[in-house]
file query.cif (mmCIF, C-alpha atoms)
data_work
#
loop_
_atom_site.label_atom_id
_atom_site.label_comp_id
_atom_site.auth_asym_id
_atom_site.auth_seq_id
_atom_site.Cartn_x
_atom_site.Cartn_y
_atom_site.Cartn_z
CA ASN I 1 131.76 110.94 187.29
CA ALA I 2 134.62 112.72 189.02
CA GLY I 3 134.94 109.85 191.50
CA VAL I 4 136.67 110.91 194.72
CA THR I 5 138.07 114.43 194.85
CA GLN I 6 140.12 116.10 197.57
CA THR I 7 140.88 119.73 198.33
CA PRO I 8 143.40 121.19 198.73
CA LYS I 9 146.15 119.29 196.92
CA PHE I 10 148.97 120.87 198.92
CA ARG I 11 149.13 122.83 202.16
CA VAL I 12 151.82 124.13 204.47
CA LEU I 13 150.87 124.93 208.07
CA LYS I 14 152.71 126.26 211.07
CA THR I 15 152.57 124.32 214.32
CA GLY I 16 149.35 125.08 216.16
CA GLN I 17 147.36 126.20 213.12
CA SER I 18 144.14 124.51 212.18
CA MET I 19 142.75 123.39 208.85
CA THR I 20 140.09 121.24 207.24
CA LEU I 21 140.57 118.80 204.39
CA LEU I 22 137.56 118.20 202.20
CA CYS I 23 136.68 114.96 200.47
CA ALA I 24 133.82 114.61 198.04
CA GLN I 25 132.48 111.61 196.13
CA ASP I 26 129.80 111.45 193.49
CA MET I 27 129.29 107.68 193.43
CA ASN I 28 126.57 107.60 196.11
CA HIS I 29 128.82 105.50 198.33
CA GLU I 30 127.81 104.80 201.91
CA TYR I 31 131.28 104.42 203.42
CA MET I 32 134.01 107.03 203.44
CA TYR I 33 137.51 106.89 204.92
CA TRP I 34 140.48 109.06 205.75
CA TYR I 35 143.99 107.59 205.64
CA ARG I 36 147.45 108.97 206.10
CA GLN I 37 150.45 107.63 204.24
CA ASP I 38 153.97 107.98 205.57
CA PRO I 39 157.19 106.58 204.06
CA GLY I 40 157.64 102.95 205.03
CA MET I 41 154.33 102.89 206.92
CA GLY I 42 151.82 102.19 204.21
CA LEU I 43 148.26 103.49 204.56
CA ARG I 44 146.85 103.89 208.06
CA LEU I 45 143.20 104.51 208.76
CA ILE I 46 142.46 107.69 210.71
CA HIS I 47 138.66 107.80 210.83
CA TYR I 48 135.85 106.40 208.79
CA SER I 49 132.13 106.83 208.32
CA VAL I 50 129.50 104.23 207.54
CA GLY I 51 126.84 106.75 206.66
CA GLU I 52 125.67 110.31 206.88
CA GLY I 53 125.91 111.62 210.43
CA THR I 54 128.07 108.75 211.71
CA THR I 55 131.82 108.52 212.25
CA ALA I 56 134.20 106.06 213.89
CA LYS I 57 137.84 105.95 214.91
CA GLY I 58 140.41 104.07 212.93
CA GLU I 59 143.94 103.04 213.76
CA VAL I 60 145.46 106.52 214.30
CA PRO I 61 142.66 108.97 215.25
CA ASP I 62 144.48 111.17 217.78
CA GLY I 63 144.80 114.82 216.75
CA TYR I 64 142.08 114.58 214.10
CA ASN I 65 138.35 115.11 213.99
CA VAL I 66 135.88 114.31 211.23
CA SER I 67 132.37 115.12 210.20
CA ARG I 68 129.94 113.61 207.68
CA LEU I 69 127.06 116.07 207.46
CA LYS I 70 126.25 115.11 203.89
CA LYS I 71 126.52 111.68 202.32
CA GLN I 72 128.84 112.89 199.58
CA ASN I 73 131.27 114.81 201.81
CA PHE I 74 133.70 113.75 204.52
CA LEU I 75 135.75 116.40 206.30
CA LEU I 76 138.99 115.85 208.19
CA GLY I 77 140.00 118.52 210.68
CA LEU I 78 143.24 119.28 212.43
CA GLU I 79 142.55 121.61 215.36
CA SER I 80 146.18 122.23 216.33
CA ALA I 81 148.62 120.94 213.75
CA ALA I 82 151.86 119.26 214.84
CA PRO I 83 154.95 118.36 212.79
CA SER I 84 154.09 114.68 213.33
CA GLN I 85 151.02 115.26 211.16
CA THR I 86 153.16 115.99 208.12
CA SER I 87 151.96 113.35 205.72
CA VAL I 88 150.00 112.61 202.58
CA TYR I 89 146.30 112.25 203.32
CA PHE I 90 144.02 110.10 201.20
CA CYS I 91 140.28 109.90 201.21
CA ALA I 92 138.45 106.83 199.97
CA SER I 93 134.88 105.69 199.57
CA SER I 94 133.07 102.40 199.06
CA TYR I 95 129.54 101.20 198.55
CA SER I 96 129.65 98.75 201.48
CA LYS I 97 126.47 97.87 203.22
CA ARG I 98 126.63 96.29 206.68
CA GLY I 99 128.22 92.88 206.44
CA VAL I 100 129.21 93.31 202.81
CA THR I 101 132.62 94.57 201.74
CA ASP I 102 133.25 96.45 198.57
CA THR I 103 136.22 98.02 196.86
CA GLN I 104 137.52 101.30 198.19
CA TYR I 105 138.18 104.03 195.63
CA PHE I 106 140.78 106.65 196.47
CA GLY I 107 141.18 110.32 195.85
CA PRO I 108 144.41 111.91 194.55
CA GLY I 109 145.68 112.89 198.01
CA THR I 110 146.57 116.04 199.94
CA ARG I 111 150.19 116.66 200.79
CA LEU I 112 150.40 118.44 204.14
CA THR I 113 153.54 119.86 205.68
CA VAL I 114 153.55 121.18 209.24
CA LEU I 115 156.50 123.38 210.11
CA GLY A 116 147.47 92.86 216.55
CA GLU A 117 147.22 91.02 213.27
CA SER A 118 148.48 92.73 210.14
CA VAL A 119 149.14 92.35 206.44
CA GLY A 120 152.75 92.24 205.30
CA LEU A 121 154.81 91.83 202.16
CA HIS A 122 157.84 89.59 201.59
CA LEU A 123 159.75 91.81 199.15
CA PRO A 124 160.04 95.58 199.44
CA THR A 125 161.48 96.00 195.90
CA LEU A 126 161.14 93.84 192.80
CA SER A 127 163.14 94.60 189.64
CA VAL A 128 162.19 92.92 186.37
CA GLN A 129 162.84 93.29 182.66
CA GLU A 130 160.13 94.41 180.29
CA GLY A 131 158.23 91.40 179.03
CA ASP A 132 158.93 89.26 182.08
CA ASN A 133 156.20 88.01 184.36
CA SER A 134 156.14 89.58 187.83
CA ILE A 135 154.97 88.02 191.06
CA ILE A 136 154.34 90.12 194.14
CA ASN A 137 153.64 88.30 197.38
CA CYS A 138 151.71 89.16 200.51
CA ALA A 139 151.19 87.34 203.80
CA TYR A 140 148.18 87.97 205.95
CA SER A 141 147.67 86.88 209.51
CA ASN A 142 143.95 87.25 210.17
CA SER A 143 142.35 83.91 209.30
CA ALA A 144 138.91 85.53 209.52
CA SER A 145 139.65 87.95 206.66
CA ASP A 146 137.24 87.35 203.83
CA TYR A 147 138.16 89.89 201.19
CA PHE A 148 141.46 90.98 199.67
CA ILE A 149 142.40 93.73 197.25
CA TRP A 150 145.50 94.63 195.31
CA TYR A 151 146.16 98.31 194.64
CA LYS A 152 148.70 100.03 192.41
CA GLN A 153 150.07 103.43 193.40
CA GLU A 154 152.09 105.56 191.01
CA SER A 155 154.25 108.35 192.29
CA GLY A 156 152.19 111.33 193.43
CA LYS A 157 148.86 109.61 192.91
CA GLY A 158 146.28 107.81 195.01
CA PRO A 159 146.04 104.00 195.13
CA GLN A 160 144.28 102.53 192.13
CA PHE A 161 142.23 99.33 192.33
CA ILE A 162 143.71 96.45 190.32
CA ILE A 163 141.91 93.29 191.32
CA ASP A 164 140.14 91.75 194.28
CA ILE A 165 139.29 88.29 195.53
CA ARG A 166 136.92 86.91 198.13
CA SER A 167 137.86 84.12 200.47
CA ASN A 168 135.56 81.62 198.77
CA MET A 169 137.84 81.73 195.72
CA ASP A 170 141.47 80.73 195.22
CA LYS A 171 142.14 82.39 191.88
CA ARG A 172 140.84 85.33 189.94
CA GLN A 173 142.04 86.71 186.62
CA GLY A 174 141.88 90.14 185.11
CA GLN A 175 143.56 91.72 182.14
CA ARG A 176 147.25 90.66 182.44
CA VAL A 177 146.82 90.21 186.20
CA THR A 178 145.99 87.20 188.31
CA VAL A 179 145.49 87.03 192.05
CA LEU A 180 146.02 83.77 193.90
CA LEU A 181 144.78 83.13 197.41
CA ASN A 182 146.09 80.30 199.56
CA LYS A 183 144.06 80.26 202.76
CA THR A 184 145.96 77.29 204.17
CA VAL A 185 149.16 79.30 204.51
CA LYS A 186 147.46 82.71 204.51
CA HIS A 187 149.24 83.91 201.41
CA LEU A 188 148.18 86.20 198.60
CA SER A 189 150.02 86.87 195.35
CA LEU A 190 149.65 89.18 192.38
CA GLN A 191 150.93 87.97 189.04
CA ILE A 192 151.47 90.45 186.23
CA ALA A 193 152.00 88.96 182.79
CA ALA A 194 154.30 90.55 180.22
CA THR A 195 155.30 93.37 182.56
CA GLN A 196 155.55 96.80 180.96
CA PRO A 197 157.39 99.97 182.04
CA GLY A 198 153.98 101.48 182.84
CA ASP A 199 153.56 98.81 185.51
CA SER A 200 156.33 100.40 187.56
CA ALA A 201 154.69 101.48 190.81
CA VAL A 202 154.17 100.49 194.42
CA TYR A 203 151.74 97.63 194.88
CA PHE A 204 149.74 97.19 198.08
CA CYS A 205 147.71 94.28 199.27
CA ALA A 206 144.88 94.91 201.69
CA GLU A 207 142.73 92.61 203.75
CA ASN A 208 139.26 93.16 205.03
CA LEU A 209 138.88 93.22 208.79
CA ARG A 210 135.50 93.25 210.47
CA ALA A 211 134.96 95.32 213.57
CA ALA A 212 131.58 95.60 215.25
CA GLY A 213 129.88 94.44 212.07
CA TYR A 214 131.53 96.98 209.82
CA SER A 215 134.39 96.31 207.48
CA THR A 216 137.62 98.22 207.11
CA LEU A 217 140.76 97.45 205.16
CA THR A 218 144.24 96.97 206.57
CA PHE A 219 147.05 97.65 204.13
CA GLY A 220 150.50 96.19 203.83
CA LYS A 221 153.51 98.48 203.54
CA GLY A 222 153.84 97.97 199.78
CA THR A 223 156.26 96.52 197.23
CA MET A 224 158.01 98.69 194.69
CA LEU A 225 157.98 97.16 191.21
CA LEU A 226 160.68 98.49 188.87
CA VAL A 227 160.43 97.53 185.21
CA SER A 228 163.48 98.06 182.99
CA PRO A 229 163.05 98.49 179.21
#
call {"tool": "encode", "arguments": {"input": "query.cif", "output": "structure tokens"}}
result
Amino acid sequence: NAGVTQTPKFRVLKTGQSMTLLCAQDMNHEYMYWYRQDPGMGLRLIHYSVGEGTTAKGEVPDGYNVSRLKKQNFLLGLESAAPSQTSVYFCASSYSKRGVTDTQYFGPGTRLTVL
Amino acid sequence: GESVGLHLPTLSVQEGDNSIINCAYSNSASDYFIWYKQESGKGPQFIIDIRSNMDKRQGQRVTVLLNKTVKHLSLQIAATQPGDSAVYFCAENLRAAGYSTLTFGKGTMLLVSP
């Protein structure tokens, strides 16, 4: 099992450009998550998905969109990148069924810089 | 809103010592807690978890203690090694509309000297 993988690992954008971050998991997990990590801020939830075709907003969703067309993939999009979106982005997945919590497993991260 | 926090941002220990990393949580309805380890340039790695119906759980060299009375969580690492140097996060499970998400603390840096 590869676990949770993320592409790309690094990216530099100019303000106003768009991009999509891809997360893939091969553990047949139901839940998937996107976080951003900034110095001194810990991990903050951007969006999450509780199953194929469903998404929900997290703590800091503004400026991001997501899609979960396939169970194993969770895409994070930035339509018009801003310098405030410079961060390290982590994807995670968990088995969780409704009402039951399970451990989240993280990918290696994508380091994004917006100039 | 309620949040998870840590008492100590940096903890420095000598190799072989026991380390204790603390975490306070404020949501009394939280029912699941996880400790993660994050090495530089890597994603968080699961260490150990505990559910609210327990007060202690042991793993290999690690023990998590949960005190629901004072809403306190701790991670104990026995015989700390240089490879344990990392940032450690606690996370609590929050339920929203029937689904569960995790809220993370800001992290504690553990520095282990040889």
call {"tool": "closest_atom_pairs", "arguments": {"input": "query.cif", "of": "chain I", "to": "chain A", "cutoff": "12 Å", "atoms": "all atoms listed in the file", "output": "tab-separated table"}}
result
residue	atom	partner	partner_atom	distance
I:Gly3	CA	A:Gln160	CA	11.9
I:Val4	CA	A:Gly158	CA	10.1
I:Thr5	CA	A:Gly158	CA	10.5
I:Gln6	CA	A:Gly158	CA	10.6
I:Lys9	CA	A:Gly156	CA	10.6
I:Phe10	CA	A:Gly156	CA	11.5
I:Glu30	CA	A:Tyr214	CA	11.7
I:Tyr31	CA	A:Ser215	CA	9.6
I:Met32	CA	A:Thr216	CA	10.2
I:Tyr33	CA	A:Thr216	CA	8.9
I:Trp34	CA	A:Thr216	CA	11.3
I:Tyr35	CA	A:Phe219	CA	10.5
I:Arg36	CA	A:Gly158	CA	11.2
I:Gln37	CA	A:Lys221	CA	9.7
I:Asp38	CA	A:Lys221	CA	9.7
I:Pro39	CA	A:Lys221	CA	8.9
I:Gly40	CA	A:Lys221	CA	6.3
I:Met41	CA	A:Lys221	CA	5.6
I:Gly42	CA	A:Lys221	CA	4.1
I:Leu43	CA	A:Phe219	CA	6.0
I:Arg44	CA	A:Phe219	CA	7.4
I:Leu45	CA	A:Thr218	CA	7.9
I:Ile46	CA	A:Thr216	CA	11.2
I:His47	CA	A:Thr216	CA	10.3
I:Tyr48	CA	A:Thr216	CA	8.5
I:Ser49	CA	A:Tyr214	CA	10.0
I:Val50	CA	A:Tyr214	CA	7.9
I:Gly51	CA	A:Tyr214	CA	11.3
I:Thr55	CA	A:Tyr214	CA	11.8
I:Ala56	CA	A:Tyr214	CA	10.3
I:Lys57	CA	A:Thr216	CA	11.0
I:Gly58	CA	A:Thr216	CA	8.7
I:Glu59	CA	A:Thr218	CA	9.4
I:Val88	CA	A:Gly156	CA	9.5
I:Tyr89	CA	A:Gly158	CA	9.4
I:Phe90	CA	A:Gly158	CA	7.0
I:Cys91	CA	A:Gly158	CA	8.9
I:Ala92	CA	A:Gly158	CA	9.3
I:Ser93	CA	A:Thr216	CA	11.0
I:Ser94	CA	A:Thr216	CA	10.1
I:Tyr95	CA	A:Ser215	CA	11.3
I:Ser96	CA	A:Ser215	CA	8.0
I:Lys97	CA	A:Tyr214	CA	8.4
I:Arg98	CA	A:Tyr214	CA	5.9
I:Gly99	CA	A:Gly213	CA	6.1
I:Val100	CA	A:Ser215	CA	7.6
I:Thr101	CA	A:Ser215	CA	6.3
I:Asp102	CA	A:Tyr147	CA	8.6
I:Thr103	CA	A:Ile149	CA	7.5
I:Gln104	CA	A:Phe161	CA	7.8
I:Tyr105	CA	A:Phe161	CA	7.0
I:Phe106	CA	A:Gly158	CA	5.8
I:Gly107	CA	A:Gly158	CA	5.7
I:Pro108	CA	A:Gly158	CA	4.5
I:Gly109	CA	A:Gly158	CA	5.9
I:Thr110	CA	A:Gly158	CA	9.6
I:Arg111	CA	A:Gly156	CA	9.3
call {"tool": "resolve_selection", "arguments": {"input": "query.cif", "expression": "the PyMOL selection byres ((chain I and resi 64-70) around 8)", "output": "list in words"}}
result
Ile46, His47, Ser49, Gly51, Glu52, Gly53, Thr54, Thr55, Pro61, Asp62, Gly63, Lys71, Gln72, Asn73, Phe74, Leu75, Leu76, Gly77, Leu78 and Glu79 of chain I
call {"tool": "atom_distance", "arguments": {"input": "query.cif", "atom1": "CA of Arg176 (chain A)", "atom2": "CA of Ile192 (chain A)"}}
result
5.7 Å
call {"tool": "resolve_selection", "arguments": {"input": "query.cif", "expression": "the PyMOL selection byres ((chain A and resi 126) around 8)", "output": "NGL selection string"}}
result
:A and (123-125 or 127-128 or 136 or 223-226)
call {"tool": "write_last_selection", "arguments": {"input": "query.cif", "atoms": "C-alpha atoms", "output": "CSV table (one decimal), in the coordinates of the input"}}
result
chain,number,residue,atom,x,y,z
A,123,LEU,CA,159.8,91.8,199.2
A,124,PRO,CA,160.0,95.6,199.4
A,125,THR,CA,161.5,96.0,195.9
A,127,SER,CA,163.1,94.6,189.6
A,128,VAL,CA,162.2,92.9,186.4
A,136,ILE,CA,154.3,90.1,194.1
A,223,THR,CA,156.3,96.5,197.2
A,224,MET,CA,158.0,98.7,194.7
A,225,LEU,CA,158.0,97.2,191.2
A,226,LEU,CA,160.7,98.5,188.9
call {"tool": "resolve_selection", "arguments": {"input": "query.cif", "expression": "the PyMOL selection byres ((chain A and resi 191) around 9)", "output": "list in words"}}
result
Asn133, Ser134, Ile135, Ile136, Asn137, Arg176, Val177, Thr178, Val179, Leu180, Ser189, Leu190, Ile192 and Ala193 of chain A
call {"tool": "atom_distance", "arguments": {"input": "query.cif", "atom1": "CA of Leu22 (chain I)", "atom2": "CA of Thr7 (chain I)"}}
result
5.3 Å
call {"tool": "atom_distance", "arguments": {"input": "query.cif", "atom1": "CA of Asp170 (chain A)", "atom2": "CA of Cys205 (chain A)"}}
result
15.5 Å
